[in-house]
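J.: Data: structure06.txt, compact mmCIF, C-alpha atoms.
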# COMPACT_ATOMS: atom_id res chain seq x y z
CA MET A 10 11.31 64.48 -55.59
CA THR A 11 9.55 62.15 -53.20
CA SER A 12 11.51 60.51 -50.38
CA LYS A 13 11.30 56.78 -49.93
CA LYS A 14 10.05 55.55 -46.56
CA PRO A 15 12.29 52.97 -44.86
CA LEU A 16 10.93 49.46 -44.79
CA ALA A 17 9.51 48.40 -41.43
CA LYS A 18 11.66 45.83 -39.66
CA PRO A 19 9.86 42.69 -38.57
CA GLN A 20 9.15 42.59 -34.88
CA PRO A 21 11.19 40.00 -32.91
CA SER A 22 8.07 38.69 -31.21
CA ALA A 23 6.34 38.10 -34.54
CA HIS A 24 9.42 36.32 -35.87
CA ARG A 25 9.55 34.04 -32.85
CA SER A 26 5.85 33.34 -33.13
CA ARG A 27 6.24 32.36 -36.78
CA LEU A 28 9.17 30.06 -35.98
CA TYR A 29 7.21 28.43 -33.17
CA SER A 30 4.23 27.95 -35.47
CA ILE A 31 6.44 26.24 -38.07
CA TRP A 32 8.08 24.05 -35.41
CA TRP A 33 4.75 23.00 -33.91
CA ARG A 34 3.29 22.23 -37.36
CA GLN A 35 6.25 19.94 -38.08
CA GLN A 36 5.89 18.22 -34.71
CA LYS A 37 2.16 17.74 -35.18
CA GLN A 38 2.68 16.24 -38.62
CA ALA A 39 5.28 13.82 -37.21
CA ILE A 40 2.98 12.87 -34.32
CA ASP A 41 -0.01 12.23 -36.57
CA PHE A 42 2.09 10.28 -39.06
CA SER A 43 3.77 8.14 -36.35
CA LEU A 44 0.43 7.26 -34.73
CA LYS A 45 -1.07 6.25 -38.06
CA ARG A 46 2.07 4.33 -38.97
CA LEU A 47 1.98 2.50 -35.64
CA TRP A 48 -1.33 0.85 -36.58
CA PHE A 49 -0.44 0.42 -40.25
CA ASN A 50 0.31 -3.22 -39.40
CA PRO A 51 -1.75 -3.87 -36.23
CA ILE A 52 -0.65 -7.50 -35.78
CA SER A 53 3.03 -6.54 -35.75
CA ALA A 54 2.29 -3.57 -33.48
CA TRP A 55 0.43 -5.72 -30.95
CA ILE A 56 3.18 -8.35 -30.93
CA THR A 57 5.75 -5.63 -30.20
CA LEU A 58 3.60 -4.06 -27.48
CA ILE A 59 3.00 -7.42 -25.80
CA ALA A 60 6.72 -8.19 -25.86
CA ILE A 61 7.47 -4.80 -24.27
CA ALA A 62 4.69 -5.25 -21.70
CA LEU A 63 5.93 -8.67 -20.62
CA ALA A 64 9.51 -7.39 -20.35
CA LEU A 65 8.38 -4.46 -18.17
CA SER A 66 5.81 -6.33 -16.08
CA LEU A 67 8.35 -8.70 -14.50
CA PRO A 68 10.55 -6.06 -12.78
CA THR A 69 7.46 -4.01 -11.96
CA SER A 70 5.77 -6.94 -10.23
CA MET A 71 9.00 -7.80 -8.37
CA HIS A 72 9.29 -4.18 -7.23
CA VAL A 73 5.71 -4.20 -5.94
CA LEU A 74 6.36 -7.50 -4.15
CA VAL A 75 9.45 -6.12 -2.38
CA LYS A 76 7.53 -3.00 -1.33
CA ASN A 77 4.79 -5.18 0.13
CA LEU A 78 7.35 -7.21 2.06
CA GLN A 79 8.91 -4.02 3.39
CA SER A 80 5.52 -2.74 4.53
CA LEU A 81 4.91 -6.07 6.24
CA THR A 82 8.10 -5.76 8.27
CA HIS A 83 7.35 -2.15 9.11
CA ASN A 84 3.99 -3.09 10.60
CA ASN A 85 4.74 -6.52 12.01
CA GLN A 86 2.65 -7.10 15.12
CA SER A 87 3.20 -10.82 15.55
CA VAL A 88 6.98 -11.15 16.07
CA PRO A 89 8.36 -9.64 19.32
CA THR A 90 11.88 -8.47 18.62
CA ILE A 91 12.82 -6.47 21.73
CA SER A 92 12.06 -7.53 25.30
CA LEU A 93 12.51 -5.26 28.34
CA PHE A 94 12.99 -7.27 31.52
CA LEU A 95 11.98 -5.01 34.39
CA LYS A 96 13.39 -4.95 37.89
CA PRO A 97 11.71 -7.28 40.44
CA LYS A 98 10.24 -4.40 42.47
CA VAL A 99 8.49 -2.82 39.46
CA THR A 100 4.71 -3.20 39.77
CA GLU A 101 2.26 -4.01 37.01
CA GLN A 102 1.00 -0.41 36.94
CA GLN A 103 4.55 0.89 36.58
CA ALA A 104 5.12 -1.59 33.74
CA ASN A 105 2.02 -0.28 31.94
CA ASP A 106 3.17 3.32 32.42
CA LEU A 107 6.61 2.44 31.05
CA ALA A 108 5.04 0.73 28.04
CA GLU A 109 3.07 3.87 27.23
CA LEU A 110 6.20 5.99 27.62
CA VAL A 111 8.31 3.73 25.41
CA LYS A 112 5.59 3.74 22.76
CA THR A 113 6.23 7.46 22.20
CA GLN A 114 9.67 6.66 20.77
CA PRO A 115 9.78 7.10 16.95
CA GLU A 116 11.37 3.65 16.52
CA VAL A 117 8.56 1.85 18.36
CA PHE A 118 5.47 0.56 16.57
CA SER A 119 3.69 -1.02 19.54
CA THR A 120 4.29 -2.30 23.07
CA THR A 121 2.80 -5.20 25.02
CA VAL A 122 3.06 -5.82 28.75
CA VAL A 123 3.51 -9.40 29.95
CA THR A 124 2.86 -9.50 33.68
CA ARG A 125 4.70 -11.75 36.10
CA ASP A 126 1.66 -14.02 36.48
CA GLN A 127 1.20 -14.31 32.70
CA ALA A 128 4.89 -15.08 32.23
CA LEU A 129 4.71 -17.74 34.92
CA GLN A 130 1.69 -19.43 33.38
CA ASP A 131 3.32 -19.42 29.95
CA PHE A 132 6.52 -20.85 31.39
CA LYS A 133 4.59 -23.64 33.07
CA LYS A 134 2.90 -24.59 29.81
CA ILE A 135 6.15 -24.57 27.88
CA SER A 136 8.47 -26.21 30.40
CA GLY A 137 6.14 -28.64 32.15
CA LEU A 138 7.75 -27.79 35.51
CA ALA A 139 4.59 -26.64 37.26
CA ASP A 140 5.20 -28.85 40.33
CA THR A 141 8.79 -27.73 40.65
CA LEU A 142 7.84 -24.04 40.45
CA LYS A 143 5.38 -24.48 43.34
CA THR A 144 8.32 -25.24 45.65
CA LEU A 145 9.78 -21.78 45.01
CA GLY A 146 6.95 -20.10 46.82
CA GLU A 147 7.45 -16.70 45.18
CA ASN A 148 7.19 -15.96 41.46
CA PRO A 149 10.79 -15.39 40.29
CA LEU A 150 9.84 -13.91 36.89
CA PRO A 151 9.72 -10.14 36.34
CA ASN A 152 7.23 -8.04 34.41
CA ILE A 153 8.19 -7.75 30.76
CA VAL A 154 7.53 -5.08 28.14
CA ILE A 155 7.67 -6.47 24.60
CA ILE A 156 8.42 -3.92 21.88
CA THR A 157 7.56 -4.30 18.22
CA PRO A 158 9.89 -1.84 16.46
CA LYS A 159 9.62 0.00 13.19
CA LEU A 160 12.51 -1.55 11.32
CA ASN A 161 12.74 1.35 8.88
CA GLU A 162 13.27 3.74 11.81
CA LEU A 163 15.94 1.66 13.54
CA GLY A 164 18.58 2.46 10.92
CA GLU A 165 20.65 0.22 8.71
CA THR A 166 23.64 -0.62 10.94
CA ASP A 167 24.31 -2.40 14.23
CA ALA A 168 25.43 0.93 15.69
CA ASP A 169 21.91 2.29 15.25
CA LEU A 170 20.50 -0.70 17.14
CA ASP A 171 23.08 -0.23 19.90
CA ASP A 172 22.11 3.42 20.28
CA PHE A 173 18.45 2.48 20.60
CA THR A 174 19.30 -0.21 23.16
CA LYS A 175 21.34 2.20 25.27
CA ARG A 176 18.51 4.71 25.18
CA ILE A 177 15.99 2.10 26.35
CA LYS A 178 18.31 0.96 29.16
CA THR A 179 18.34 4.46 30.65
CA TYR A 180 14.83 3.92 32.06
CA LYS A 181 15.19 3.19 35.76
CA GLU A 182 12.63 0.36 35.67
CA VAL A 183 14.62 -1.65 33.09
CA GLU A 184 16.86 -4.45 34.33
CA ASP A 185 17.92 -5.92 30.98
CA VAL A 186 17.18 -5.61 27.25
CA GLN A 187 17.08 -8.57 24.88
CA ILE A 188 17.12 -7.86 21.12
CA ASP A 189 16.79 -10.43 18.38
CA VAL A 190 19.52 -8.72 16.34
CA GLU A 191 20.17 -11.75 14.13
CA TRP A 192 16.55 -11.87 13.00
CA ILE A 193 16.64 -8.18 12.05
CA GLN A 194 19.94 -8.60 10.21
CA ARG A 195 18.66 -11.60 8.26
CA LEU A 196 15.50 -9.77 7.29
CA ARG A 197 17.41 -6.71 6.09
CA ALA A 198 19.88 -8.88 4.17
CA ILE A 199 17.03 -10.68 2.40
CA LEU A 200 15.37 -7.40 1.43
CA GLN A 201 18.68 -5.94 0.20
CA ILE A 202 19.30 -9.02 -1.94
CA ALA A 203 15.76 -8.80 -3.30
CA GLU A 204 16.22 -5.13 -4.19
CA ARG A 205 19.47 -5.88 -6.03
CA ILE A 206 17.85 -8.77 -7.89
CA VAL A 207 15.07 -6.42 -8.99
CA ALA A 208 17.67 -3.88 -10.16
CA VAL A 209 19.60 -6.51 -12.17
CA VAL A 210 16.44 -7.97 -13.74
CA ALA A 211 15.16 -4.46 -14.55
CA ALA A 212 18.46 -3.56 -16.25
CA LEU A 213 18.48 -6.74 -18.35
CA LEU A 214 14.86 -6.37 -19.40
CA ALA A 215 15.36 -2.67 -20.14
CA PHE A 216 18.06 -3.73 -22.59
CA THR A 217 15.55 -6.20 -24.03
CA VAL A 218 13.04 -3.38 -24.56
CA LEU A 219 15.73 -1.38 -26.37
CA LEU A 220 16.36 -4.30 -28.70
CA VAL A 221 12.65 -4.88 -29.36
CA VAL A 222 11.95 -1.22 -30.13
CA GLY A 223 15.14 -0.85 -32.14
CA ASN A 224 14.35 -3.90 -34.26
CA THR A 225 10.78 -2.70 -34.86
CA ILE A 226 11.97 0.75 -35.97
CA ARG A 227 14.69 -0.80 -38.13
CA LEU A 228 12.08 -2.90 -39.96
CA ASP A 229 9.94 0.21 -40.43
CA ILE A 230 12.95 2.03 -41.89
CA GLU A 231 13.58 -0.85 -44.30
CA ASN A 232 9.96 -0.66 -45.48
CA ARG A 233 10.29 3.11 -46.07
CA LYS A 234 13.72 3.22 -47.71
CA ASP A 235 12.42 4.53 -51.01
CA GLU A 236 10.34 7.20 -49.29
CA ILE A 237 13.36 8.32 -47.23
CA LEU A 238 15.52 8.46 -50.38
CA VAL A 239 12.99 10.68 -52.16
CA THR A 240 12.69 13.06 -49.22
CA ARG A 241 16.48 13.34 -49.09
CA LEU A 242 16.65 14.20 -52.80
CA ILE A 243 14.25 17.12 -52.29
CA GLY A 244 16.34 18.48 -49.41
CA ALA A 245 14.99 16.85 -46.24
CA THR A 246 17.39 17.04 -43.29
CA ASN A 247 18.32 14.17 -41.01
CA ARG A 248 16.30 15.79 -38.25
CA TYR A 249 13.19 15.79 -40.43
CA ILE A 250 13.74 12.13 -41.38
CA ARG A 251 14.47 11.09 -37.80
CA ARG A 252 11.49 12.82 -36.15
CA PRO A 253 8.58 10.43 -37.02
CA PHE A 254 10.67 7.38 -36.10
CA LEU A 255 11.48 8.88 -32.69
CA TYR A 256 7.80 9.50 -32.04
CA GLY A 257 7.06 5.95 -33.17
CA GLY A 258 9.52 4.58 -30.60
CA LEU A 259 8.03 6.86 -27.94
CA TRP A 260 4.52 5.50 -28.58
CA LEU A 261 5.75 1.91 -28.50
CA GLY A 262 7.40 2.46 -25.12
CA LEU A 263 4.49 4.41 -23.65
CA PHE A 264 1.73 2.03 -24.78
CA GLY A 265 3.88 -0.96 -23.78
CA GLY A 266 4.25 0.57 -20.31
CA VAL A 267 0.48 1.05 -20.01
CA LEU A 268 -0.08 -2.56 -21.04
CA SER A 269 2.51 -3.78 -18.50
CA LEU A 270 0.71 -1.92 -15.68
CA LEU A 271 -2.52 -3.61 -16.74
CA VAL A 272 -0.83 -7.03 -16.63
CA VAL A 273 0.62 -6.40 -13.14
CA ASN A 274 -2.71 -5.17 -11.76
CA ILE A 275 -4.51 -8.24 -13.10
CA ALA A 276 -1.85 -10.48 -11.53
CA LEU A 277 -2.26 -8.70 -8.18
CA LEU A 278 -6.03 -9.28 -8.29
CA PHE A 279 -5.39 -13.04 -8.44
CA LEU A 280 -3.18 -12.77 -5.32
CA VAL A 281 -5.53 -10.72 -3.15
CA GLY A 282 -7.73 -13.65 -2.09
CA PRO A 283 -4.97 -16.13 -1.14
CA VAL A 284 -2.94 -13.43 0.66
CA ASN A 285 -5.94 -12.30 2.70
CA LYS A 286 -6.69 -15.91 3.65
CA LEU A 287 -3.08 -16.51 4.72
CA SER A 288 -3.08 -13.27 6.70
CA THR A 289 -6.26 -14.31 8.51
CA LEU A 290 -4.77 -17.70 9.43
CA TYR A 291 -1.80 -15.96 11.05
CA GLY A 292 -4.02 -13.47 12.86
CA ASN A 293 -2.62 -10.52 10.95
CA SER A 294 -4.33 -7.66 9.15
CA PHE A 295 -1.87 -7.51 6.26
CA SER A 296 -3.33 -6.90 2.82
CA ILE A 297 -1.41 -6.78 -0.42
CA GLY A 298 -0.95 -3.32 -1.88
CA GLY A 299 -1.23 -2.39 -5.54
CA ILE A 300 0.79 -0.06 -7.75
CA ASP A 301 0.86 3.45 -6.33
CA LEU A 302 0.87 6.66 -8.37
CA THR A 303 4.63 7.16 -8.05
CA THR A 304 5.42 3.70 -9.39
CA THR A 305 2.89 4.15 -12.20
CA LEU A 306 4.52 7.39 -13.33
CA GLU A 307 8.00 5.86 -13.05
CA VAL A 308 7.04 2.90 -15.24
CA LEU A 309 5.45 5.14 -17.89
CA VAL A 310 8.38 7.57 -17.95
CA ILE A 311 11.02 4.83 -18.06
CA SER A 312 9.17 2.85 -20.75
CA SER A 313 8.76 6.00 -22.88
CA ILE A 314 12.46 6.87 -22.53
CA LEU A 315 13.46 3.31 -23.46
CA GLY A 316 11.27 3.45 -26.56
CA LEU A 317 12.71 6.83 -27.53
CA VAL A 318 16.31 5.70 -27.02
CA GLY A 319 15.76 2.46 -28.94
CA ALA A 320 14.29 4.35 -31.88
CA TRP A 321 17.07 6.96 -31.77
CA LEU A 322 19.76 4.26 -31.90
CA ALA A 323 18.08 2.47 -34.81
CA VAL A 324 17.45 5.51 -36.98
CA ASN A 325 20.83 7.10 -36.25
CA ARG A 326 22.57 3.90 -37.25
CA TYR A 327 20.68 3.87 -40.56
CA LEU A 328 21.43 7.54 -41.25
CA TRP A 329 25.11 7.04 -40.46
CA GLU A 330 25.37 3.96 -42.69
CA THR A 331 23.67 5.69 -45.64
CA GLU A 332 25.90 8.76 -45.28
CA VAL A 333 29.00 6.57 -45.24
CA ILE A 334 27.82 4.70 -48.37
CA ASN A 335 27.04 7.97 -50.17
CA ASP A 336 30.43 9.39 -49.25
Can the structure in the file be given as structure tokens, please?
T.:
Amino acid sequence: MTSKKPLAKPQPSAHRSRLYSIWWRQQKQAIDFSLKRLWFNPISAWITLIAIALALSLPTSMHVLVKNLQSLTHNNQSVPTISLFLKPKVTEQQANDLAELVKTQPEVFSTTVVTRDQALQDFKKISGLADTLKTLGENPLPNIVIITPKLNELGETDADLDDFTKRIKTYKEVEDVQIDVEWIQRLRAILQIAERIVAVVAALLAFTVLLVVGNTIRLDIENRKDEILVTRLIGATNRYIRRPFLYGGLWLGLFGGVLSLLVVNIALLFLVGPVNKLSTLYGNSFSIGGIDLTTTLEVLVISSILGLVGAWLAVNRYLWETEVIND
């Protein structure tokens, strides 16, 4: 009597490999089908992509504009904001040494020394009291060190400015410190308002993208109702039905994001010439910056997520409605 050999159990690794192969084949089929379906009606697809691109390009361009304004304030060399009035006995060489020492502070972008003679000449031109000043005999004006600060390093509150002022006043050569605090506060307030406006506009237009993608996917579902019904009759799950629509929404968001970046870059090219001319007239070296890699990735990721969410909402609503009707 021959003994039967036990059947070999399938290896776990082989089972996992087979499951992964099936999963990847299903994903690949959905990807291929969604890409082909996207260009099934190219006119409708392009209209949708242009609508998404325009909705995304506005907050993106506003974000780039705010970043350029922030970089301008960080590197402003034309507006003196902090003046150090030195003691009368401080010489010009001591003033230059102090300027070099103050420049090592992390909050300081640059320093400029205005000597007593330069200050006197400027005062004469401005006031028109040249004859009166001659009667004084001695120049009453002190040497001055003008500081251009890095606004992003000064902090966000008045307490941070006060701390910096107290630190500057500890130098023995300094008699008094004058800070244009109001100008700094106004500038920060404007930038904060601009950032919040960008956030509000981005939120509203993100909702618009959801509606555009959702409506496009809903129309695609309406056109494929019979096909979906047949696949359900032969046992297709909701996940199988949902998958190509989700990929379709993902492609709409991604390609719309790419198109929006193209629109913003073209718009920036039109601004480069006028901005450079304006910067030259003001004696500044400011040049408008484009979209950096971080912003590019953020736009593409956000646009893809919006497309995916819009498609998910549309197809889930359809599946829920059909299940309710069938029940």
J.: One decimal, Å: what's the distance from CA of Glu330 in chain A over to CA of Leu238 in chain A, could you say?
T.: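 Going from CA of Glu330 in chain A over to CA of Leu238 in chain A covers 13.3 Å.
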J.: What does the distance from CA of Asn224 in chain A to CA of Leu259 in chain A come to in Å, to one decimal?
T.: 14.0 Å
J.: If you count all atoms listed in the file, which residues fall within 9 Å of Ile59 in chain A, apart from same-chain ones fewer than 6 positions away, as a list in words?
T.: Gly265, Leu268 and Ser269 of chain A
J.: Identify, on the basis of all atoms listed in the file, every residue whose closest approach to range 319-324 of chain A does not exceed 9 Å; exclude the query and any residue fewer than 4 positions from it along the same chain; express the result as a count of residues only.
T.: 23
J.: Interatomic distance between CA of Leu302 in chain A and CA of Val284 in chain A?
T.: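 Computed distance, CA of Leu302 in chain A to CA of Val284 in chain A, equals 22.4 Å.
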J.: Which is closer to Asn105 in chain A than all the others in A:Glu182, A:Pro68, A:Phe49, A:Val267, using only C-alpha atoms?
T.: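 Among the listed residues, A:Glu182 lies closest to Asn105 in chain A.
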J.: Show me, as a list in words, the residues that have an atom within 10 Å of Val210 in chain A when counting only C-alpha atoms, minus same-chain residues fewer than 2 positions from it.
T.: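 Within the cut-off, the hits are Ala64, Leu65, Leu67, Pro68, Thr69, Met71, Glu204, Arg205, Ile206, Val207, Ala208, Ala212, Leu213, Leu214, Ala215 and Phe216 of chain A.
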J.: Please produce an output containing C-alpha atoms for each residue in the selection, written as a short mmCIF file (atom, residue, chain, number, x, y, z; two decimals), in the frame of the given file.
T.:
data_model
loop_
_atom_site.label_atom_id
_atom_site.label_comp_id
_atom_site.auth_asym_id
_atom_site.auth_seq_id
_atom_site.Cartn_x
_atom_site.Cartn_y
_atom_site.Cartn_z
CA ALA A 64 9.51 -7.39 -20.35
CA LEU A 65 8.38 -4.46 -18.17
CA LEU A 67 8.35 -8.70 -14.50
CA PRO A 68 10.55 -6.06 -12.78
CA THR A 69 7.46 -4.01 -11.96
CA MET A 71 9.00 -7.80 -8.37
CA GLU A 204 16.22 -5.13 -4.19
CA ARG A 205 19.47 -5.88 -6.03
CA ILE A 206 17.85 -8.77 -7.89
CA VAL A 207 15.07 -6.42 -8.99
CA ALA A 208 17.67 -3.88 -10.16
CA ALA A 212 18.46 -3.56 -16.25
CA LEU A 213 18.48 -6.74 -18.35
CA LEU A 214 14.86 -6.37 -19.40
CA ALA A 215 15.36 -2.67 -20.14
CA PHE A 216 18.06 -3.73 -22.59
#
J.: Within 10 Å of range 107-129 of chain A, which residues of range 179-283 of chain A come that close, and what is the closest atom pair and distance in Å for each? Count all atoms listed in the file and give it as CSV.
T.:
residue,atom,partner,partner_atom,distance
A:Tyr180,CA,A:Leu107,CA,8.4
A:Lys181,CA,A:Leu107,CA,9.8
A:Glu182,CA,A:Leu107,CA,7.9
A:Val183,CA,A:Leu107,CA,9.2
J.: Need to verify the contact set: Pro253 in chain A, 10 Å, all atoms listed in the file, exclusion of same-chain residues closer than 4 positions in sequence. Can you return it as number ranges by chain?
T.: A: 35-44, 46, 248-249, 257-259, 320
J.: Which one is closest to Gly262 in chain A: A:Ala60, A:Arg233, A:Asn274, A:Leu150? Count only C-alpha atoms.
T.: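 Of the candidates, the smallest distance to Gly262 in chain A is held by A:Ala60.
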J.: In terms of the shortest atom-to-atom distance over all atoms listed in the file, which of A:Lys98, A:Gln79, A:Leu271, A:Asp169 is closest to Val308 in chain A?
T.: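 Nearest candidate to Val308 in chain A out of A:Lys98, A:Gln79, A:Leu271, A:Asp169: A:Leu271.
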J.: From the list A:Ile237, A:Leu28, A:Ile153, A:Leu306, which residue is nearest Thr100 in chain A when using all atoms listed in the file?
T.: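 For Thr100 in chain A, the nearest of the candidates is A:Ile153.
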J.: For range 306-312 of chain A, what centre and edge lengths in Å (one decimal) does the axis-aligned box get once 4 Å is added on each side of all its listed atoms, as AutoDock Vina command-line options?
T.:
--center_x 7.8 --center_y 5.2 --center_z -16.9 --size_x 14.5 --size_y 12.7 --size_z 15.7
